[in-house]
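Undergrad: Dropping the structure in here first, questions after.
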Amino acid sequence: MDSLTQIALGIATAELVAGKKLGNKTFLYGAILGTIPDLDILIGKFLSDVDGVAIHRGFSHSLLFFVFLSPVLGKVISKIEKNTINVNRASWLAFWCLVTHVLLDVFTSWGTQVLWPLQYRFALKTIFVIDPLYTIPLVIALVLVWKNNDFFIRRKHLIRGLVVSSFYLLLTCVLKLFAVNQFEKALENQHLTFQELIVKPTAFNCILWNANVATSEGYYLADYSFFDSQQIRFTFYSKNQELEQLLVNSYDFLELKKISEGWYLITQQNNRLYFNDLRFGLLNDNPKNPQFAFSYAFKENSNGNLTAYEVPKAKRDGKTLLQKIFTRIKGN
């Protein structure tokens, strides 16, 4: 999830674990601890575009990392807060702030290696990485917590905020199951056979959902809004396997295949090859010249190898995407 949400969840967790001991200092420790797993983004700045993406939500988001890091952080916190909180409680504080960060990430579309060094990435794909309806109840609760010194009143506001945000998170799971059912029925009614189906929410909402449908020849892409009145329309995109053969010896291509979990499309524009991650949607609906939200362009380096560079996202691209979602969310 986004940094603000993870900070809010970290503070809420810190308040739940050690609010009686630390008071408003939970805001400081919760914010720091809730941010630590995402520091892998800073490390990625010093790596190539592909390697930087590959390490995100890897080791720094694993339970193994937290088990070893929590006692160290607990010792540091207990020394800073002498005679206020002991090492055991401070270690639990660190552990749960780190773990809740990762548990929330698991609900998003970007895979999380909770069980690193195992390569499998967990992704329930029920909530977008930024969703105000999850974050706002937490932030409101924390404002009320900050304004009160009475422990029981603080705890009451905190529990309410966590209940509302957790209920919304559970609701997204239910809504996803309904959306999956709608896509499956549409595929059956239109006599479309497929190998695999993934469904995920679009940006900032849980009303409009995208589907990626894998076949042996390519992918059907579609979206569904709970306000739709017509049947779901699937658009086919060929796998362009002949273009993929041009990249089989590229290290970056092999890494991107792993990162995308096999959901990718190779396209060519102006004699340049592009790797498009299908999990994060389209900026347009043109099958002949598709523009994806996450793309990597291949360029030949000095050694003659094809290296991938992330295609920069212009402000107009984000504006186009939001306009598209706002229009589509109202129904077809």
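Scheme for the structure tokens: letters A, B, ... for chains in order shown; per-chain residue numbers from 1; ligand numbers from 1 in order shown.
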Using only C-alpha atoms, which residues sit within 10 Å of segment 187-197 of chain A once same-chain residues fewer than 6 positions away are excluded, as a list in words?

TA: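 Near neighbours after the sequence-gap exclusion: Val180, Asn181, Ala211, Asn212, Val213, Ala214, Thr215, Ser216, Glu217, Gly218, Tyr219, Tyr220, Leu221, Gln231, Ile232, Arg233 and Phe234 of chain A.
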
Undergrad: Please, could you write that set of residues out with N, CA, C and O atoms as a CSV table (one decimal), in the first residue's frame?

TA:
```
chain,number,residue,atom,x,y,z
A,180,VAL,N,-15.4,-11.9,-9.9
A,180,VAL,CA,-14.8,-13.1,-10.6
A,180,VAL,C,-15.9,-13.9,-11.2
A,180,VAL,O,-15.9,-14.4,-12.3
A,181,ASN,N,-17.0,-14.0,-10.4
A,181,ASN,CA,-18.2,-14.8,-10.8
A,181,ASN,C,-18.8,-14.2,-12.1
A,181,ASN,O,-19.2,-14.9,-13.0
A,211,ALA,N,-10.1,-7.8,-15.6
A,211,ALA,CA,-9.8,-9.2,-15.7
A,211,ALA,C,-8.7,-9.4,-16.8
A,211,ALA,O,-8.8,-8.8,-17.9
A,212,ASN,N,-7.8,-10.3,-16.5
A,212,ASN,CA,-6.8,-10.8,-17.5
A,212,ASN,C,-7.1,-12.3,-17.7
A,212,ASN,O,-7.2,-13.0,-16.7
A,213,VAL,N,-7.4,-12.7,-19.0
A,213,VAL,CA,-7.7,-14.0,-19.3
A,213,VAL,C,-6.7,-14.6,-20.2
A,213,VAL,O,-6.5,-14.1,-21.3
A,214,ALA,N,-6.0,-15.6,-19.8
A,214,ALA,CA,-4.9,-16.2,-20.5
A,214,ALA,C,-5.4,-17.4,-21.4
A,214,ALA,O,-6.1,-18.2,-20.9
A,215,THR,N,-5.0,-17.4,-22.7
A,215,THR,CA,-5.3,-18.5,-23.6
A,215,THR,C,-3.9,-18.9,-24.2
A,215,THR,O,-2.9,-18.3,-23.9
A,216,SER,N,-3.9,-20.0,-25.0
A,216,SER,CA,-2.7,-20.4,-25.6
A,216,SER,C,-2.2,-19.5,-26.6
A,216,SER,O,-1.0,-19.4,-26.8
A,217,GLU,N,-3.0,-18.7,-27.2
A,217,GLU,CA,-2.6,-17.7,-28.3
A,217,GLU,C,-2.4,-16.3,-27.8
A,217,GLU,O,-1.8,-15.5,-28.5
A,218,GLY,N,-3.0,-15.9,-26.6
A,218,GLY,CA,-2.9,-14.6,-26.2
A,218,GLY,C,-3.7,-14.3,-24.9
A,218,GLY,O,-3.9,-15.2,-24.1
A,219,TYR,N,-4.2,-13.1,-24.8
A,219,TYR,CA,-5.0,-12.7,-23.6
A,219,TYR,C,-6.2,-12.0,-24.0
A,219,TYR,O,-6.2,-11.1,-25.0
A,220,TYR,N,-7.3,-12.2,-23.3
A,220,TYR,CA,-8.5,-11.4,-23.3
A,220,TYR,C,-8.5,-10.5,-22.1
A,220,TYR,O,-8.3,-10.9,-21.0
A,221,LEU,N,-8.6,-9.2,-22.4
A,221,LEU,CA,-8.7,-8.2,-21.3
A,221,LEU,C,-10.1,-7.6,-21.3
A,221,LEU,O,-10.7,-7.4,-22.3
A,231,GLN,N,-23.6,-6.8,-21.2
A,231,GLN,CA,-22.6,-7.8,-21.0
A,231,GLN,C,-21.2,-7.4,-21.1
A,231,GLN,O,-20.9,-6.4,-21.7
A,232,ILE,N,-20.3,-8.1,-20.4
A,232,ILE,CA,-18.9,-7.8,-20.4
A,232,ILE,C,-18.3,-8.0,-21.8
A,232,ILE,O,-18.6,-9.0,-22.5
A,233,ARG,N,-17.5,-7.1,-22.3
A,233,ARG,CA,-16.8,-7.2,-23.6
A,233,ARG,C,-15.3,-7.5,-23.4
A,233,ARG,O,-14.6,-6.8,-22.7
A,234,PHE,N,-14.9,-8.6,-24.0
A,234,PHE,CA,-13.5,-9.0,-24.0
A,234,PHE,C,-12.7,-8.6,-25.2
A,234,PHE,O,-13.2,-8.7,-26.3
```

Undergrad: Skip Cys97 of chain A itself and residues of its chain fewer than 2 positions away, then list as a ChimeraX atom specification all residues within 12 Å of it, counting only C-alpha atoms.

TA: /A:6-18,26-27,29-37,61,66,69-70,73-74,90-95,99-104

Undergrad: Could you please write out, as a tab-separated table (two decimals) with C-alpha atoms, in the first residue's frame, every residue of segment 257-300 of chain A that DSSP assigns to strand (DSSP E or B)?

TA:
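Result file follows (result.tsv):
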```tsv
chain	number	residue	atom	x	y	z
A	264	TYR	CA	3.03	-9.93	-19.96
A	265	LEU	CA	2.83	-8.92	-23.60
A	266	ILE	CA	5.66	-8.06	-26.01
A	267	THR	CA	4.88	-5.26	-28.46
A	268	GLN	CA	6.89	-3.35	-31.02
A	269	GLN	CA	6.75	0.34	-31.88
A	272	ARG	CA	11.73	-0.98	-30.54
A	273	LEU	CA	10.52	-3.88	-28.37
A	274	TYR	CA	8.46	-3.30	-25.25
A	275	PHE	CA	7.67	-5.54	-22.29
A	276	ASN	CA	4.19	-4.73	-20.92
A	277	ASP	CA	3.06	-5.92	-17.49
A	282	LEU	CA	-4.15	-0.17	-19.99
A	292	PHE	CA	0.05	-0.15	-20.81
A	295	SER	CA	6.05	-0.88	-19.74
A	296	TYR	CA	9.75	-1.44	-20.29
A	297	ALA	CA	11.59	-0.50	-23.48
A	298	PHE	CA	14.54	-2.61	-24.64
A	299	LYS	CA	17.70	-0.87	-25.80
A	300	GLU	CA	20.94	-2.40	-26.97
```

Undergrad: Write out as a ChimeraX atom specification which residues come within 12 Å of Thr135 of chain A when counting only C-alpha atoms, dropping same-chain ones fewer than 4 positions away.

TA: /A:1-10,12,104,127-131,139-142,161-162,164-166,168-169,204

Undergrad: Of the candidates A:Leu64, A:Glu255, A:Asn148, A:Asn271, which shows the shortest atom-to-atom distance to Leu118 of chain A, using only C-alpha atoms?

TA: A:Leu64

Undergrad: List the spatial neighbours of Val199 of chain A as a PyMOL selection string - criterion: any atom at most 10 Å away, only C-alpha atoms, same-chain residues fewer than 3 positions off excluded.

TA: chain A and resi 109+124-126+176-177+179-180+183+202+209-213+222-224+279

Undergrad: So which one's closest to Glu261 of chain A, A:Leu278, A:Tyr309, A:Asp38, A:Ala293? Using only C-alpha atoms, please.

TA: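 For Glu261 of chain A, the nearest of the given residues is A:Leu278.
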
Undergrad: Please determine, counting only C-alpha atoms, which residue among A:Val87, A:Leu306, A:Val163, A:Val248 has the shortest atom-to-atom distance to Pro71 of chain A.

TA: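 Closest to Pro71 of chain A, using only C-alpha atoms: A:Val87.
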
Undergrad: Which is closest to Leu171 of chain A among A:Tyr251, A:Glu184, A:Leu158, A:Ile207, if we use only C-alpha atoms?

TA: A:Ile207

Undergrad: Closest to Ser78 of chain A among A:Ser60, A:Lys330, A:Lys21, A:His157, using only C-alpha atoms?

TA: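 Closest to Ser78 of chain A of all the choices is A:Lys21.
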
Undergrad: Please indicate the distance in Å from atom CA of Phe59 of chain A to atom CA of Leu115 of chain A, rounded to one decimal place.

TA: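 Pair atom CA of Phe59 of chain A / atom CA of Leu115 of chain A returns 8.8 Å.
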
Undergrad: From a DSSP pass on the backbone, collect the residues of segment 76-263 of chain A flagged as helix (DSSP H, G or I) and hand them back as a compact mmCIF listing (two decimals) with N, CA, C and O atoms, in the first residue's frame.

TA:
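Output below, filename result_3.txt:
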```txt
# COMPACT_ATOMS: atom_id res chain seq x y z
N VAL A 76 16.73 -1.50 20.92
CA VAL A 76 16.99 -0.08 20.69
C VAL A 76 15.89 0.77 21.32
O VAL A 76 16.16 1.76 22.02
N ILE A 77 14.63 0.38 21.08
CA ILE A 77 13.50 1.15 21.61
C ILE A 77 13.49 1.14 23.13
O ILE A 77 13.26 2.16 23.79
N SER A 78 13.75 -0.04 23.72
CA SER A 78 13.75 -0.15 25.19
C SER A 78 14.85 0.70 25.81
O SER A 78 14.70 1.21 26.93
N LYS A 79 15.99 0.84 25.12
CA LYS A 79 17.07 1.67 25.64
C LYS A 79 16.72 3.15 25.56
O LYS A 79 17.04 3.94 26.45
N ILE A 80 16.05 3.52 24.46
CA ILE A 80 15.63 4.92 24.32
C ILE A 80 14.57 5.27 25.35
O ILE A 80 14.61 6.34 25.98
N VAL A 87 12.27 -4.83 26.94
CA VAL A 87 12.72 -5.35 25.66
C VAL A 87 11.68 -6.24 25.01
O VAL A 87 11.44 -6.16 23.79
N ASN A 88 11.04 -7.10 25.79
CA ASN A 88 10.05 -8.02 25.22
C ASN A 88 8.88 -7.28 24.59
O ASN A 88 8.48 -7.57 23.45
N ARG A 89 8.33 -6.32 25.32
CA ARG A 89 7.19 -5.56 24.78
C ARG A 89 7.62 -4.73 23.57
O ARG A 89 6.89 -4.64 22.58
N ALA A 90 8.80 -4.14 23.64
CA ALA A 90 9.28 -3.34 22.52
C ALA A 90 9.54 -4.22 21.29
O ALA A 90 9.30 -3.79 20.15
N SER A 91 9.99 -5.45 21.51
CA SER A 91 10.21 -6.37 20.38
C SER A 91 8.89 -6.76 19.73
O SER A 91 8.79 -6.86 18.50
N TRP A 92 7.86 -7.01 20.57
CA TRP A 92 6.54 -7.32 20.02
C TRP A 92 5.98 -6.13 19.26
O TRP A 92 5.34 -6.27 18.22
N LEU A 93 6.24 -4.94 19.79
CA LEU A 93 5.82 -3.72 19.11
C LEU A 93 6.42 -3.67 17.70
O LEU A 93 5.70 -3.45 16.72
N ALA A 94 7.72 -3.89 17.60
CA ALA A 94 8.39 -3.87 16.31
C ALA A 94 7.86 -4.97 15.39
O ALA A 94 7.57 -4.72 14.21
N PHE A 95 7.73 -6.17 15.93
CA PHE A 95 7.30 -7.32 15.13
C PHE A 95 5.92 -7.08 14.52
O PHE A 95 5.72 -7.28 13.31
N TRP A 96 4.96 -6.65 15.32
CA TRP A 96 3.59 -6.52 14.81
C TRP A 96 3.44 -5.33 13.87
O TRP A 96 2.65 -5.37 12.92
N CYS A 97 4.21 -4.28 14.07
CA CYS A 97 4.18 -3.15 13.12
C CYS A 97 4.72 -3.58 11.76
O CYS A 97 4.19 -3.17 10.71
N LEU A 98 5.75 -4.41 11.76
CA LEU A 98 6.31 -4.91 10.51
C LEU A 98 5.37 -5.91 9.84
O LEU A 98 5.15 -5.86 8.63
N VAL A 99 4.81 -6.81 10.62
CA VAL A 99 3.95 -7.87 10.07
C VAL A 99 2.67 -7.30 9.49
O VAL A 99 2.22 -7.72 8.41
N THR A 100 2.05 -6.34 10.17
CA THR A 100 0.80 -5.78 9.64
C THR A 100 1.04 -5.05 8.32
O THR A 100 0.16 -5.03 7.45
N HIS A 101 2.22 -4.45 8.18
CA HIS A 101 2.58 -3.83 6.90
C HIS A 101 2.49 -4.85 5.77
O HIS A 101 1.89 -4.61 4.73
N VAL A 102 3.09 -6.01 5.99
CA VAL A 102 3.15 -7.04 4.95
C VAL A 102 1.78 -7.67 4.73
O VAL A 102 1.39 -7.95 3.60
N LEU A 103 1.03 -7.91 5.80
CA LEU A 103 -0.29 -8.50 5.66
C LEU A 103 -1.19 -7.62 4.79
O LEU A 103 -1.95 -8.12 3.96
N LEU A 104 -1.09 -6.31 4.96
CA LEU A 104 -1.89 -5.41 4.14
C LEU A 104 -1.42 -5.45 2.69
O LEU A 104 -2.24 -5.45 1.76
N ASP A 105 -0.11 -5.50 2.48
CA ASP A 105 0.43 -5.58 1.11
C ASP A 105 -0.07 -6.81 0.37
O ASP A 105 -0.23 -6.78 -0.86
N VAL A 106 -0.29 -7.89 1.08
CA VAL A 106 -0.72 -9.14 0.46
C VAL A 106 -2.06 -8.97 -0.26
O VAL A 106 -2.34 -9.66 -1.24
N PRO A 132 -8.56 5.38 -0.61
CA PRO A 132 -8.94 6.28 0.49
C PRO A 132 -9.95 5.68 1.46
O PRO A 132 -9.95 6.03 2.65
N LEU A 133 -10.83 4.80 0.98
CA LEU A 133 -11.86 4.25 1.85
C LEU A 133 -11.27 3.33 2.92
O LEU A 133 -11.90 3.10 3.96
N TYR A 134 -10.08 2.82 2.68
CA TYR A 134 -9.40 2.06 3.74
C TYR A 134 -8.63 3.01 4.66
O TYR A 134 -8.65 2.84 5.89
N THR A 135 -7.98 4.00 4.09
CA THR A 135 -7.07 4.85 4.85
C THR A 135 -7.78 5.87 5.74
O THR A 135 -7.38 6.09 6.89
N ILE A 136 -8.82 6.50 5.21
CA ILE A 136 -9.48 7.60 5.93
C ILE A 136 -9.99 7.21 7.32
O ILE A 136 -9.76 7.95 8.29
N PRO A 137 -10.67 6.06 7.50
CA PRO A 137 -11.11 5.70 8.86
C PRO A 137 -9.95 5.58 9.85
O PRO A 137 -10.08 5.97 11.02
N LEU A 138 -8.82 5.06 9.38
CA LEU A 138 -7.65 4.95 10.25
C LEU A 138 -7.12 6.33 10.65
O LEU A 138 -6.81 6.57 11.82
N VAL A 139 -7.02 7.22 9.67
CA VAL A 139 -6.48 8.55 9.94
C VAL A 139 -7.40 9.31 10.90
O VAL A 139 -6.91 9.96 11.85
N ILE A 140 -8.70 9.24 10.70
CA ILE A 140 -9.64 9.91 11.60
C ILE A 140 -9.50 9.37 13.01
O ILE A 140 -9.46 10.13 14.00
N ALA A 141 -9.40 8.05 13.15
CA ALA A 141 -9.25 7.43 14.47
C ALA A 141 -7.97 7.91 15.14
O ALA A 141 -7.96 8.20 16.35
N LEU A 142 -6.89 8.01 14.37
CA LEU A 142 -5.61 8.42 14.96
C LEU A 142 -5.62 9.89 15.38
O LEU A 142 -4.98 10.25 16.37
N VAL A 143 -6.34 10.73 14.65
CA VAL A 143 -6.48 12.14 15.06
C VAL A 143 -7.18 12.21 16.42
O VAL A 143 -6.76 12.96 17.32
N LEU A 144 -8.23 11.41 16.61
CA LEU A 144 -8.95 11.38 17.88
C LEU A 144 -8.09 10.79 18.99
O LEU A 144 -8.16 11.24 20.15
N VAL A 145 -7.28 9.81 18.66
CA VAL A 145 -6.36 9.23 19.65
C VAL A 145 -5.36 10.28 20.12
O VAL A 145 -5.09 10.43 21.32
N TRP A 146 -4.80 11.03 19.17
CA TRP A 146 -3.80 12.05 19.50
C TRP A 146 -4.37 13.12 20.43
O TRP A 146 -3.66 13.63 21.32
N LYS A 147 -5.64 13.44 20.26
CA LYS A 147 -6.25 14.53 21.03
C LYS A 147 -6.66 14.12 22.44
O LYS A 147 -7.03 14.98 23.24
N PHE A 151 -6.47 6.67 28.40
CA PHE A 151 -6.14 5.43 27.69
C PHE A 151 -7.37 4.74 27.13
O PHE A 151 -7.37 4.26 25.99
N PHE A 152 -8.44 4.67 27.90
CA PHE A 152 -9.63 3.93 27.47
C PHE A 152 -10.36 4.65 26.33
O PHE A 152 -10.90 4.00 25.42
N ILE A 153 -10.35 5.98 26.36
CA ILE A 153 -10.96 6.72 25.26
C ILE A 153 -10.12 6.55 23.98
O ILE A 153 -10.65 6.35 22.89
N ARG A 154 -8.80 6.62 24.14
CA ARG A 154 -7.91 6.40 23.01
C ARG A 154 -8.13 5.02 22.40
O ARG A 154 -8.23 4.85 21.19
N ARG A 155 -8.24 4.01 23.27
CA ARG A 155 -8.43 2.64 22.79
C ARG A 155 -9.77 2.49 22.07
O ARG A 155 -9.85 1.79 21.05
N LYS A 156 -10.80 3.16 22.55
CA LYS A 156 -12.12 3.10 21.92
C LYS A 156 -12.06 3.65 20.50
O LYS A 156 -12.56 3.02 19.56
N HIS A 157 -11.46 4.82 20.33
CA HIS A 157 -11.34 5.42 18.99
C HIS A 157 -10.50 4.53 18.08
O HIS A 157 -10.84 4.35 16.89
N LEU A 158 -9.44 3.99 18.62
CA LEU A 158 -8.55 3.15 17.82
C LEU A 158 -9.26 1.90 17.31
O LEU A 158 -9.18 1.56 16.13
N ILE A 159 -9.96 1.23 18.22
CA ILE A 159 -10.66 0.01 17.84
C ILE A 159 -11.71 0.29 16.77
O ILE A 159 -11.86 -0.47 15.81
N ARG A 160 -12.42 1.39 16.91
CA ARG A 160 -13.42 1.76 15.90
C ARG A 160 -12.79 1.95 14.53
O ARG A 160 -13.30 1.47 13.52
N GLY A 161 -11.68 2.66 14.51
CA GLY A 161 -11.00 2.88 13.23
C GLY A 161 -10.53 1.59 12.60
O GLY A 161 -10.68 1.38 11.39
N LEU A 162 -9.94 0.71 13.41
CA LEU A 162 -9.45 -0.57 12.90
C LEU A 162 -10.59 -1.46 12.43
O LEU A 162 -10.46 -2.16 11.42
N VAL A 163 -11.71 -1.43 13.14
CA VAL A 163 -12.86 -2.25 12.75
C VAL A 163 -13.41 -1.79 11.41
O VAL A 163 -13.70 -2.60 10.52
N VAL A 164 -13.57 -0.48 11.24
CA VAL A 164 -14.11 0.06 9.98
C VAL A 164 -13.18 -0.25 8.81
O VAL A 164 -13.63 -0.73 7.76
N SER A 165 -11.89 0.02 8.98
CA SER A 165 -10.95 -0.23 7.88
C SER A 165 -10.84 -1.72 7.59
O SER A 165 -10.76 -2.12 6.41
N SER A 166 -10.85 -2.55 8.61
CA SER A 166 -10.76 -4.00 8.41
C SER A 166 -12.03 -4.54 7.74
O SER A 166 -11.96 -5.44 6.91
N PHE A 167 -13.16 -3.97 8.12
CA PHE A 167 -14.42 -4.38 7.48
C PHE A 167 -14.39 -4.05 6.00
O PHE A 167 -14.82 -4.84 5.16
N TYR A 168 -13.86 -2.87 5.67
CA TYR A 168 -13.77 -2.49 4.26
C TYR A 168 -12.84 -3.44 3.51
O TYR A 168 -13.13 -3.84 2.38
N LEU A 169 -11.74 -3.82 4.14
CA LEU A 169 -10.80 -4.75 3.51
C LEU A 169 -11.48 -6.09 3.25
O LEU A 169 -11.30 -6.71 2.20
N LEU A 170 -12.26 -6.55 4.22
CA LEU A 170 -13.01 -7.79 4.05
C LEU A 170 -14.06 -7.64 2.95
O LEU A 170 -14.28 -8.56 2.15
N LEU A 171 -14.68 -6.46 2.88
CA LEU A 171 -15.69 -6.20 1.85
C LEU A 171 -15.08 -6.30 0.46
O LEU A 171 -15.71 -6.83 -0.47
N THR A 172 -13.84 -5.82 0.28
CA THR A 172 -13.20 -5.91 -1.03
C THR A 172 -13.01 -7.36 -1.46
O THR A 172 -13.07 -7.67 -2.65
N CYS A 173 -12.80 -8.24 -0.48
CA CYS A 173 -12.67 -9.68 -0.80
C CYS A 173 -13.98 -10.23 -1.33
O CYS A 173 -14.00 -10.99 -2.30
N VAL A 174 -15.07 -9.84 -0.68
CA VAL A 174 -16.40 -10.29 -1.12
C VAL A 174 -16.72 -9.74 -2.50
O VAL A 174 -17.22 -10.46 -3.38
N LEU A 175 -16.44 -8.46 -2.70
CA LEU A 175 -16.70 -7.84 -4.00
C LEU A 175 -15.88 -8.48 -5.11
O LEU A 175 -16.36 -8.65 -6.23
N LYS A 176 -14.65 -8.85 -4.78
CA LYS A 176 -13.83 -9.52 -5.79
C LYS A 176 -14.44 -10.86 -6.18
O LYS A 176 -14.48 -11.20 -7.37
N LEU A 177 -14.91 -11.63 -5.21
CA LEU A 177 -15.53 -12.92 -5.52
C LEU A 177 -16.73 -12.74 -6.45
O LEU A 177 -16.94 -13.52 -7.38
N PHE A 178 -17.50 -11.69 -6.20
CA PHE A 178 -18.65 -11.41 -7.06
C PHE A 178 -18.18 -11.04 -8.47
O PHE A 178 -18.75 -11.50 -9.47
N ALA A 179 -17.13 -10.20 -8.56
CA ALA A 179 -16.61 -9.80 -9.88
C ALA A 179 -16.06 -11.00 -10.63
O ALA A 179 -16.29 -11.14 -11.84
N VAL A 180 -15.35 -11.88 -9.94
CA VAL A 180 -14.81 -13.08 -10.58
C VAL A 180 -15.95 -13.92 -11.16
O VAL A 180 -15.87 -14.42 -12.29
N ASN A 181 -17.03 -14.05 -10.39
CA ASN A 181 -18.18 -14.82 -10.85
C ASN A 181 -18.79 -14.20 -12.11
O ASN A 181 -19.18 -14.93 -13.05
N GLN A 182 -18.83 -12.88 -12.17
CA GLN A 182 -19.38 -12.20 -13.35
C GLN A 182 -18.51 -12.44 -14.58
O GLN A 182 -19.02 -12.68 -15.68
N PHE A 183 -17.21 -12.38 -14.40
CA PHE A 183 -16.29 -12.64 -15.53
C PHE A 183 -16.40 -14.09 -15.99
O PHE A 183 -16.41 -14.37 -17.20
N GLU A 184 -16.46 -15.02 -15.07
CA GLU A 184 -16.55 -16.43 -15.43
C GLU A 184 -17.84 -16.73 -16.18
O GLU A 184 -17.84 -17.47 -17.17
N LYS A 185 -18.94 -16.14 -15.74
CA LYS A 185 -20.22 -16.35 -16.44
C LYS A 185 -20.18 -15.75 -17.84
O LYS A 185 -20.70 -16.34 -18.79
N ALA A 186 -19.56 -14.57 -17.96
CA ALA A 186 -19.46 -13.93 -19.27
C ALA A 186 -18.61 -14.76 -20.23
O ALA A 186 -18.94 -14.90 -21.41
N LEU A 187 -17.52 -15.32 -19.75
CA LEU A 187 -16.67 -16.17 -20.58
C LEU A 187 -17.44 -17.41 -21.04
O LEU A 187 -17.34 -17.83 -22.20
N GLU A 188 -18.21 -17.98 -20.12
CA GLU A 188 -19.00 -19.17 -20.47
C GLU A 188 -20.09 -18.82 -21.49
O GLU A 188 -20.29 -19.55 -22.47
N ASN A 189 -20.77 -17.70 -21.27
CA ASN A 189 -21.85 -17.31 -22.18
C ASN A 189 -21.34 -16.97 -23.58
O ASN A 189 -22.05 -17.16 -24.57
N GLN A 241 4.39 -14.08 -30.06
CA GLN A 241 5.48 -14.97 -29.69
C GLN A 241 6.70 -14.82 -30.60
O GLN A 241 7.83 -15.09 -30.18
N GLU A 242 6.50 -14.36 -31.83
CA GLU A 242 7.63 -14.16 -32.72
C GLU A 242 8.52 -13.02 -32.22
O GLU A 242 9.75 -13.04 -32.38
N LEU A 243 7.90 -12.01 -31.58
CA LEU A 243 8.69 -10.92 -31.00
C LEU A 243 9.41 -11.39 -29.73
O LEU A 243 10.54 -10.97 -29.46
N GLU A 244 8.76 -12.26 -28.99
CA GLU A 244 9.36 -12.78 -27.75
C GLU A 244 10.65 -13.53 -28.04
O GLU A 244 11.59 -13.50 -27.24
N GLN A 245 10.70 -14.20 -29.18
CA GLN A 245 11.90 -14.96 -29.55
C GLN A 245 13.13 -14.07 -29.69
O GLN A 245 14.26 -14.53 -29.52
N LEU A 246 12.90 -12.80 -29.97
CA LEU A 246 14.02 -11.86 -30.11
C LEU A 246 14.64 -11.49 -28.76
O LEU A 246 15.71 -10.87 -28.71
N LEU A 247 13.96 -11.87 -27.67
CA LEU A 247 14.41 -11.47 -26.33
C LEU A 247 14.86 -12.64 -25.46
O LEU A 247 15.20 -12.45 -24.29
N TYR A 251 18.79 -11.04 -20.20
CA TYR A 251 18.64 -11.25 -18.75
C TYR A 251 17.44 -10.47 -18.22
O TYR A 251 16.64 -10.98 -17.43
N ASP A 252 17.31 -9.22 -18.65
CA ASP A 252 16.21 -8.38 -18.16
C ASP A 252 14.85 -8.96 -18.55
O ASP A 252 13.90 -8.89 -17.76
N PHE A 253 14.77 -9.52 -19.74
CA PHE A 253 13.51 -10.12 -20.17
C PHE A 253 13.13 -11.29 -19.26
O PHE A 253 11.98 -11.42 -18.83
N LEU A 254 14.09 -12.14 -18.95
CA LEU A 254 13.83 -13.30 -18.09
C LEU A 254 13.42 -12.85 -16.69
O LEU A 254 12.54 -13.46 -16.07
N GLU A 255 14.04 -11.80 -16.19
CA GLU A 255 13.67 -11.28 -14.86
C GLU A 255 12.28 -10.68 -14.87
O GLU A 255 11.49 -10.87 -13.94
N LEU A 256 11.95 -9.95 -15.93
CA LEU A 256 10.63 -9.34 -16.02
C LEU A 256 9.53 -10.39 -16.13
O LEU A 256 8.41 -10.20 -15.63
N LYS A 257 9.84 -11.51 -16.79
CA LYS A 257 8.87 -12.61 -16.85
C LYS A 257 8.53 -13.10 -15.45
O LYS A 257 7.37 -13.36 -15.13
N LYS A 258 9.56 -13.23 -14.60
CA LYS A 258 9.34 -13.67 -13.22
C LYS A 258 8.53 -12.64 -12.44
O LYS A 258 7.59 -12.97 -11.73
N ILE A 259 8.94 -11.38 -12.59
CA ILE A 259 8.28 -10.31 -11.84
C ILE A 259 6.79 -10.22 -12.19
O ILE A 259 5.93 -10.04 -11.32
```

Undergrad: So that I can see what lies close to Lys319 of chain A, please list as an NGL selection string the residues with an atom at most 12 Å from it, counting only C-alpha atoms and leaving out residues fewer than 5 positions away in the same chain.

TA: :A and (203 or 283 or 293 or 313-314 or 324-326)

Undergrad: Mind pulling up the distance from atom CA of Gln230 of chain A to atom CA of Asn332 of chain A?

TA: 6.2 Å

Undergrad: What gap, in Å, lies between atom CA of Asn149 of chain A and atom CA of Gly19 of chain A?

TA: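 Value for the atom CA of Asn149 of chain A-atom CA of Gly19 of chain A distance: 10.4 Å.
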